[in-house]
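J.: Contents of structure17.cif (mmCIF, C-alpha atoms):
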```
data_coords
loop_
_atom_site.group_PDB
_atom_site.id
_atom_site.type_symbol
_atom_site.label_atom_id
_atom_site.label_comp_id
_atom_site.auth_asym_id
_atom_site.auth_seq_id
_atom_site.Cartn_x
_atom_site.Cartn_y
_atom_site.Cartn_z
ATOM 1 C CA MET A 1 0.000 0.000 0.000
ATOM 2 C CA ASP A 2 1.344 3.431 -0.987
ATOM 3 C CA ILE A 3 0.071 6.583 0.695
ATOM 4 C CA SER A 4 1.138 10.038 -0.451
ATOM 5 C CA LEU A 5 0.105 13.596 0.257
ATOM 6 C CA SER A 6 -2.328 15.010 -2.284
ATOM 7 C CA GLN A 7 -3.502 18.353 -0.871
ATOM 8 C CA CYS A 8 -3.146 20.636 2.103
ATOM 9 C CA PHE A 9 -5.346 23.601 2.989
ATOM 10 C CA ILE A 10 -4.542 27.206 3.875
ATOM 11 C CA ALA A 11 -7.241 29.627 4.985
ATOM 12 C CA VAL A 12 -7.235 32.975 3.193
ATOM 13 C CA ASP A 13 -9.572 35.919 3.611
ATOM 14 C CA ASP A 14 -8.957 37.463 0.181
ATOM 15 C CA HIS A 15 -8.403 35.051 -2.702
ATOM 16 C CA ASP A 16 -7.252 37.769 -5.098
ATOM 17 C CA LYS A 17 -4.497 38.917 -2.718
ATOM 18 C CA ALA A 18 -3.600 35.282 -2.039
ATOM 19 C CA LEU A 19 -3.347 34.571 -5.774
ATOM 20 C CA ALA A 20 -1.118 37.592 -6.292
ATOM 21 C CA PHE A 21 1.210 36.136 -3.657
ATOM 22 C CA TYR A 22 1.120 32.386 -4.327
ATOM 23 C CA ARG A 23 0.972 32.644 -8.121
ATOM 24 C CA ASP A 24 2.837 35.863 -8.926
ATOM 25 C CA VAL A 25 5.439 35.974 -6.135
ATOM 26 C CA LEU A 26 6.017 32.278 -5.379
ATOM 27 C CA GLY A 27 5.478 31.111 -8.959
ATOM 28 C CA LEU A 28 2.887 28.433 -8.196
ATOM 29 C CA GLU A 29 0.440 27.538 -10.932
ATOM 30 C CA VAL A 30 -3.328 27.734 -10.533
ATOM 31 C CA ARG A 31 -4.836 24.306 -11.068
ATOM 32 C CA ASN A 32 -8.425 24.960 -10.035
ATOM 33 C CA ASP A 33 -10.634 27.910 -9.117
ATOM 34 C CA VAL A 34 -14.080 26.942 -7.856
ATOM 35 C CA GLY A 35 -16.892 29.005 -6.425
ATOM 36 C CA PHE A 36 -19.801 27.557 -4.452
ATOM 37 C CA GLU A 37 -22.433 29.242 -2.245
ATOM 38 C CA ASN A 38 -20.574 32.584 -1.988
ATOM 39 C CA MET A 39 -17.296 30.803 -1.178
ATOM 40 C CA ARG A 40 -14.203 30.167 -3.301
ATOM 41 C CA TRP A 41 -11.480 27.533 -3.341
ATOM 42 C CA VAL A 42 -8.331 28.048 -5.422
ATOM 43 C CA THR A 43 -5.853 25.216 -5.865
ATOM 44 C CA VAL A 44 -2.200 26.104 -6.521
ATOM 45 C CA ALA A 45 0.887 23.941 -6.869
ATOM 46 C CA SER A 46 4.481 23.907 -7.982
ATOM 47 C CA PRO A 47 4.638 23.025 -11.685
ATOM 48 C CA SER A 48 7.061 20.216 -10.801
ATOM 49 C CA GLN A 49 4.968 18.612 -8.061
ATOM 50 C CA ASP A 50 1.653 16.799 -7.661
ATOM 51 C CA VAL A 51 0.943 18.063 -4.115
ATOM 52 C CA GLU A 52 -1.544 20.922 -4.189
ATOM 53 C CA ILE A 53 -2.362 23.741 -1.779
ATOM 54 C CA VAL A 54 -6.033 24.635 -1.551
ATOM 55 C CA LEU A 55 -6.585 28.275 -0.639
ATOM 56 C CA GLU A 56 -9.894 28.016 1.181
ATOM 57 C CA PRO A 57 -12.268 30.377 2.973
ATOM 58 C CA PRO A 58 -11.385 30.850 6.663
ATOM 59 C CA LEU A 59 -14.438 28.903 7.781
ATOM 60 C CA ALA A 60 -15.844 26.855 4.922
ATOM 61 C CA ASP A 61 -18.894 25.706 6.842
ATOM 62 C CA PRO A 62 -22.189 27.410 5.970
ATOM 63 C CA ASN A 63 -23.656 26.176 9.284
ATOM 64 C CA ALA A 64 -20.967 27.716 11.500
ATOM 65 C CA SER A 65 -22.176 29.930 14.303
ATOM 66 C CA ASP A 66 -21.387 33.643 14.485
ATOM 67 C CA SER A 67 -19.149 32.988 17.509
ATOM 68 C CA ASP A 68 -17.193 30.333 15.569
ATOM 69 C CA ARG A 69 -16.754 32.752 12.648
ATOM 70 C CA GLN A 70 -15.521 35.433 15.060
ATOM 71 C CA ALA A 71 -13.081 33.008 16.729
ATOM 72 C CA VAL A 72 -11.616 31.969 13.355
ATOM 73 C CA ALA A 73 -11.329 35.622 12.255
ATOM 74 C CA GLU A 74 -9.429 36.436 15.456
ATOM 75 C CA LEU A 75 -7.050 33.486 15.061
ATOM 76 C CA MET A 76 -6.458 34.397 11.429
ATOM 77 C CA ALA A 77 -5.701 38.013 12.344
ATOM 78 C CA LYS A 78 -3.004 36.721 14.725
ATOM 79 C CA GLY A 79 -1.530 34.434 12.056
ATOM 80 C CA MET A 80 -2.308 31.328 14.093
ATOM 81 C CA LEU A 81 -4.280 29.120 11.698
ATOM 82 C CA ARG A 82 -2.014 27.274 9.310
ATOM 83 C CA GLY A 83 1.365 27.297 7.770
ATOM 84 C CA VAL A 84 3.395 25.292 5.326
ATOM 85 C CA ILE A 85 7.057 24.642 4.716
ATOM 86 C CA PHE A 86 8.394 24.876 1.189
ATOM 87 C CA ARG A 87 11.694 23.407 0.071
ATOM 88 C CA THR A 88 14.007 25.540 -2.063
ATOM 89 C CA ASP A 89 17.402 24.971 -3.610
ATOM 90 C CA ASP A 90 18.533 28.521 -2.696
ATOM 91 C CA CYS A 91 17.109 29.914 0.534
ATOM 92 C CA ASP A 92 18.886 33.263 0.243
ATOM 93 C CA ALA A 93 17.716 33.954 -3.326
ATOM 94 C CA THR A 94 14.180 32.854 -2.434
ATOM 95 C CA PHE A 95 14.238 35.179 0.560
ATOM 96 C CA GLU A 96 15.379 38.156 -1.510
ATOM 97 C CA ARG A 97 12.722 37.557 -4.195
ATOM 98 C CA ILE A 98 9.874 37.303 -1.660
ATOM 99 C CA ARG A 99 11.111 40.241 0.422
ATOM 100 C CA ALA A 100 11.436 42.395 -2.710
ATOM 101 C CA ALA A 101 7.766 41.657 -3.441
ATOM 102 C CA GLY A 102 6.844 43.230 -0.094
ATOM 103 C CA ALA A 103 5.963 40.158 1.970
ATOM 104 C CA GLU A 104 6.164 40.473 5.756
ATOM 105 C CA VAL A 105 9.468 38.977 6.926
ATOM 106 C CA LEU A 106 9.316 36.827 10.058
ATOM 107 C CA GLN A 107 12.845 35.430 9.903
ATOM 108 C CA GLU A 108 15.804 36.179 7.671
ATOM 109 C CA PRO A 109 17.774 33.206 6.321
ATOM 110 C CA MET A 110 19.660 31.318 9.006
ATOM 111 C CA ASP A 111 21.209 27.909 9.536
ATOM 112 C CA GLN A 112 19.112 25.737 11.834
ATOM 113 C CA PRO A 113 20.533 22.996 14.080
ATOM 114 C CA TYR A 114 18.213 20.445 12.439
ATOM 115 C CA GLY A 115 20.011 20.561 9.097
ATOM 116 C CA VAL A 116 18.389 23.262 6.999
ATOM 117 C CA ARG A 117 18.916 26.896 6.152
ATOM 118 C CA ASP A 118 15.535 28.602 6.294
ATOM 119 C CA CYS A 119 13.586 31.827 6.354
ATOM 120 C CA ALA A 120 9.972 32.714 7.113
ATOM 121 C CA PHE A 121 7.284 35.103 5.903
ATOM 122 C CA ARG A 122 3.594 35.791 6.389
ATOM 123 C CA ASP A 123 1.288 35.501 3.405
ATOM 124 C CA PRO A 124 -1.336 38.254 2.839
ATOM 125 C CA ALA A 125 -3.774 36.429 5.170
ATOM 126 C CA GLY A 126 -1.209 36.169 7.984
ATOM 127 C CA ASN A 127 -0.279 32.489 7.568
ATOM 128 C CA MET A 128 3.334 31.608 8.341
ATOM 129 C CA LEU A 129 5.296 30.158 5.450
ATOM 130 C CA ARG A 130 8.797 28.768 5.855
ATOM 131 C CA PHE A 131 11.258 28.152 3.027
ATOM 132 C CA ASN A 132 14.037 25.702 3.755
ATOM 133 C CA GLN A 133 17.107 24.492 1.959
ATOM 134 C CA PRO A 134 18.670 21.266 3.198
ATOM 135 C CA ARG A 135 22.325 21.788 4.081
ATOM 136 C CA GLU A 136 24.900 19.489 2.624
ATOM 137 C CA ARG A 137 26.108 16.856 5.048
ATOM 138 C CA LYS A 138 29.779 16.864 5.886
#
```
Would you mind writing the file out in structure tokens?
T.:
Amino acid sequence: MDISLSQCFIAVDDHDKALAFYRDVLGLEVRNDVGFENMRWVTVASPSQDVEIVLEPPLADPNASDSDRQAVAELMAKGMLRGVIFRTDDCDATFERIRAAGAEVLQEPMDQPYGVRDCAFRDPAGNMLRFNQPRERK
């Protein structure tokens, strides 16, 4: 039996801003853009990979209570909902490209004790994104 990751989800509060970041800054391709009942799901992915990121509404449940919607909005505003880690072959160049596009920097490139060089940003919705480059073993 073979199990592999197909999709992961990131909550965004403005799909157009998210697309400008994930597509135009990160270079991911749009694979799907679906609207349903006043909600929207946009699927993006690296052209070289099958794993997709679904940019979803913050609370994609039409039956959610007002208090649940408020709680999710507050968590999103703090940047505490989701995050992903991307792999890159050049952490420093990736950092410079994303910073030049105006993304909020959380961490400049640095060597981590667990074997990667990485940096971190917030996307337009406040989600933390890390970009890591495995260091060569000595």
J.: What residues have an atom no more than 7 Å from (-2.1, 37.1, 7.3) in the file's own frame, counting only C-alpha atoms, and can you write them as a PyMOL selection string?
T.: chain A and resi 76-77+79+122-127
J.: Care to translate the PyMOL selection byres ((chain A and resi 51) around 6) into actual residues of this file, as a list of chain:residue names?
T.: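 Written out, the selection comes to A:Ser6, A:Gln7, A:Gln49, A:Asp50, A:Glu52.
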J.: Take the PyMOL selection byres ((chain A and resi 110) around 10), run it mentally on this structure, and tell me the resulting residues as a list in words.
T.: Cys91, Asp92, Gln107, Glu108, Pro109, Asp111, Gln112, Pro113, Val116, Arg117, Asp118, Cys119, Ala120 and Asn132 of chain A
J.: Record the distance separating CA of Met1 in chain A and CA of Val84 in chain A, expressed in Å with one decimal.
T.: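 The value is 26.1 Å.
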J.: Run the PyMOL selection byres ((chain A and resi 59-72) around 12) mentally over the shown coordinates, then write out the matched residues as a PyMOL selection string, using the chain letters and numbers from the document.
T.: chain A and resi 9-13+35-41+54-58+73-82
J.: What is the CA of Arg31 in chain A-CA of Val105 in chain A distance in Å, reported with one decimal?
T.: 27.3 Å
J.: Just how far from CA of Ser4 in chain A is CA of Ile98 in chain A, in Å to one decimal?
T.: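 If I compute the distance from CA of Ile98 in chain A to CA of Ser4 in chain A, I get 28.7 Å.
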J.: Which residues are near Arg99 in chain A? Cut-off 10 Å, only C-alpha atoms, ignore same chain within fewer than 4 positions. Put them as a ChimeraX atom specification.
T.: /A:25,93-95,103-105,108,121
J.: Point out the residue among A:Ala100, A:Leu106, A:Val42, A:Leu129 with the least atom-to-atom distance to Lys17 in chain A, counting all atoms listed in the file.
T.: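 Smallest separation from Lys17 in chain A among the options: A:Val42.
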J.: Working from the structure I just supplied, which lacks atoms in range 93-111 of chain A, can you model N, CA, C and O atoms there and output them as a PDB file, keeping the file's coordinate frame?
T.:
```
ATOM      1  N   ALA A  93      18.322  33.362  -2.132  1.00  0.00           N
ATOM      2  CA  ALA A  93      17.716  33.954  -3.326  1.00  0.00           C
ATOM      3  C   ALA A  93      16.192  33.975  -3.201  1.00  0.00           C
ATOM      4  O   ALA A  93      15.538  34.957  -3.588  1.00  0.00           O
ATOM      5  N   THR A  94      15.625  32.904  -2.648  1.00  0.00           N
ATOM      6  CA  THR A  94      14.180  32.854  -2.434  1.00  0.00           C
ATOM      7  C   THR A  94      13.764  33.960  -1.483  1.00  0.00           C
ATOM      8  O   THR A  94      12.784  34.675  -1.720  1.00  0.00           O
ATOM      9  N   PHE A  95      14.517  34.128  -0.413  1.00  0.00           N
ATOM     10  CA  PHE A  95      14.238  35.179   0.560  1.00  0.00           C
ATOM     11  C   PHE A  95      14.238  36.553  -0.105  1.00  0.00           C
ATOM     12  O   PHE A  95      13.304  37.348   0.085  1.00  0.00           O
ATOM     13  N   GLU A  96      15.265  36.836  -0.880  1.00  0.00           N
ATOM     14  CA  GLU A  96      15.379  38.156  -1.510  1.00  0.00           C
ATOM     15  C   GLU A  96      14.219  38.404  -2.470  1.00  0.00           C
ATOM     16  O   GLU A  96      13.677  39.512  -2.520  1.00  0.00           O
ATOM     17  N   ARG A  97      13.827  37.398  -3.244  1.00  0.00           N
ATOM     18  CA  ARG A  97      12.722  37.557  -4.195  1.00  0.00           C
ATOM     19  C   ARG A  97      11.405  37.852  -3.465  1.00  0.00           C
ATOM     20  O   ARG A  97      10.654  38.752  -3.844  1.00  0.00           O
ATOM     21  N   ILE A  98      11.130  37.116  -2.386  1.00  0.00           N
ATOM     22  CA  ILE A  98       9.874  37.303  -1.660  1.00  0.00           C
ATOM     23  C   ILE A  98       9.881  38.624  -0.894  1.00  0.00           C
ATOM     24  O   ILE A  98       8.885  39.351  -0.871  1.00  0.00           O
ATOM     25  N   ARG A  99      11.013  38.961  -0.299  1.00  0.00           N
ATOM     26  CA  ARG A  99      11.111  40.241   0.422  1.00  0.00           C
ATOM     27  C   ARG A  99      10.937  41.415  -0.534  1.00  0.00           C
ATOM     28  O   ARG A  99      10.229  42.380  -0.227  1.00  0.00           O
ATOM     29  N   ALA A 100      11.542  41.320  -1.715  1.00  0.00           N
ATOM     30  CA  ALA A 100      11.436  42.395  -2.710  1.00  0.00           C
ATOM     31  C   ALA A 100       9.989  42.604  -3.161  1.00  0.00           C
ATOM     32  O   ALA A 100       9.608  43.706  -3.563  1.00  0.00           O
ATOM     33  N   ALA A 101       9.180  41.551  -3.071  1.00  0.00           N
ATOM     34  CA  ALA A 101       7.766  41.657  -3.441  1.00  0.00           C
ATOM     35  C   ALA A 101       6.931  42.292  -2.337  1.00  0.00           C
ATOM     36  O   ALA A 101       5.738  42.520  -2.509  1.00  0.00           O
ATOM     37  N   GLY A 102       7.538  42.547  -1.176  1.00  0.00           N
ATOM     38  CA  GLY A 102       6.844  43.230  -0.094  1.00  0.00           C
ATOM     39  C   GLY A 102       6.229  42.349   0.965  1.00  0.00           C
ATOM     40  O   GLY A 102       5.478  42.831   1.814  1.00  0.00           O
ATOM     41  N   ALA A 103       6.527  41.051   0.959  1.00  0.00           N
ATOM     42  CA  ALA A 103       5.963  40.158   1.970  1.00  0.00           C
ATOM     43  C   ALA A 103       6.532  40.487   3.354  1.00  0.00           C
ATOM     44  O   ALA A 103       7.668  40.946   3.484  1.00  0.00           O
ATOM     45  N   GLU A 104       5.733  40.233   4.378  1.00  0.00           N
ATOM     46  CA  GLU A 104       6.164  40.473   5.756  1.00  0.00           C
ATOM     47  C   GLU A 104       7.190  39.422   6.163  1.00  0.00           C
ATOM     48  O   GLU A 104       6.902  38.224   6.171  1.00  0.00           O
ATOM     49  N   VAL A 105       8.378  39.866   6.518  1.00  0.00           N
ATOM     50  CA  VAL A 105       9.468  38.977   6.926  1.00  0.00           C
ATOM     51  C   VAL A 105       9.290  38.607   8.391  1.00  0.00           C
ATOM     52  O   VAL A 105       9.141  39.464   9.252  1.00  0.00           O
ATOM     53  N   LEU A 106       9.328  37.305   8.684  1.00  0.00           N
ATOM     54  CA  LEU A 106       9.316  36.827  10.058  1.00  0.00           C
ATOM     55  C   LEU A 106      10.703  36.406  10.514  1.00  0.00           C
ATOM     56  O   LEU A 106      11.043  36.521  11.685  1.00  0.00           O
ATOM     57  N   GLN A 107      11.492  35.877   9.566  1.00  0.00           N
ATOM     58  CA  GLN A 107      12.845  35.430   9.903  1.00  0.00           C
ATOM     59  C   GLN A 107      13.714  35.488   8.657  1.00  0.00           C
ATOM     60  O   GLN A 107      13.359  34.949   7.619  1.00  0.00           O
ATOM     61  N   GLU A 108      14.839  36.155   8.770  1.00  0.00           N
ATOM     62  CA  GLU A 108      15.804  36.179   7.671  1.00  0.00           C
ATOM     63  C   GLU A 108      16.483  34.818   7.586  1.00  0.00           C
ATOM     64  O   GLU A 108      16.438  34.028   8.539  1.00  0.00           O
ATOM     65  N   PRO A 109      17.129  34.519   6.461  1.00  0.00           N
ATOM     66  CA  PRO A 109      17.774  33.206   6.321  1.00  0.00           C
ATOM     67  C   PRO A 109      18.783  32.941   7.439  1.00  0.00           C
ATOM     68  O   PRO A 109      19.577  33.817   7.799  1.00  0.00           O
ATOM     69  N   MET A 110      18.706  31.724   7.971  1.00  0.00           N
ATOM     70  CA  MET A 110      19.660  31.318   9.006  1.00  0.00           C
ATOM     71  C   MET A 110      19.809  29.802   8.991  1.00  0.00           C
ATOM     72  O   MET A 110      18.901  29.080   8.588  1.00  0.00           O
ATOM     73  N   ASP A 111      20.965  29.344   9.424  1.00  0.00           N
ATOM     74  CA  ASP A 111      21.209  27.909   9.536  1.00  0.00           C
ATOM     75  C   ASP A 111      20.566  27.409  10.820  1.00  0.00           C
ATOM     76  O   ASP A 111      20.755  27.990  11.890  1.00  0.00           O
TER      77      ASP A 111
END
```
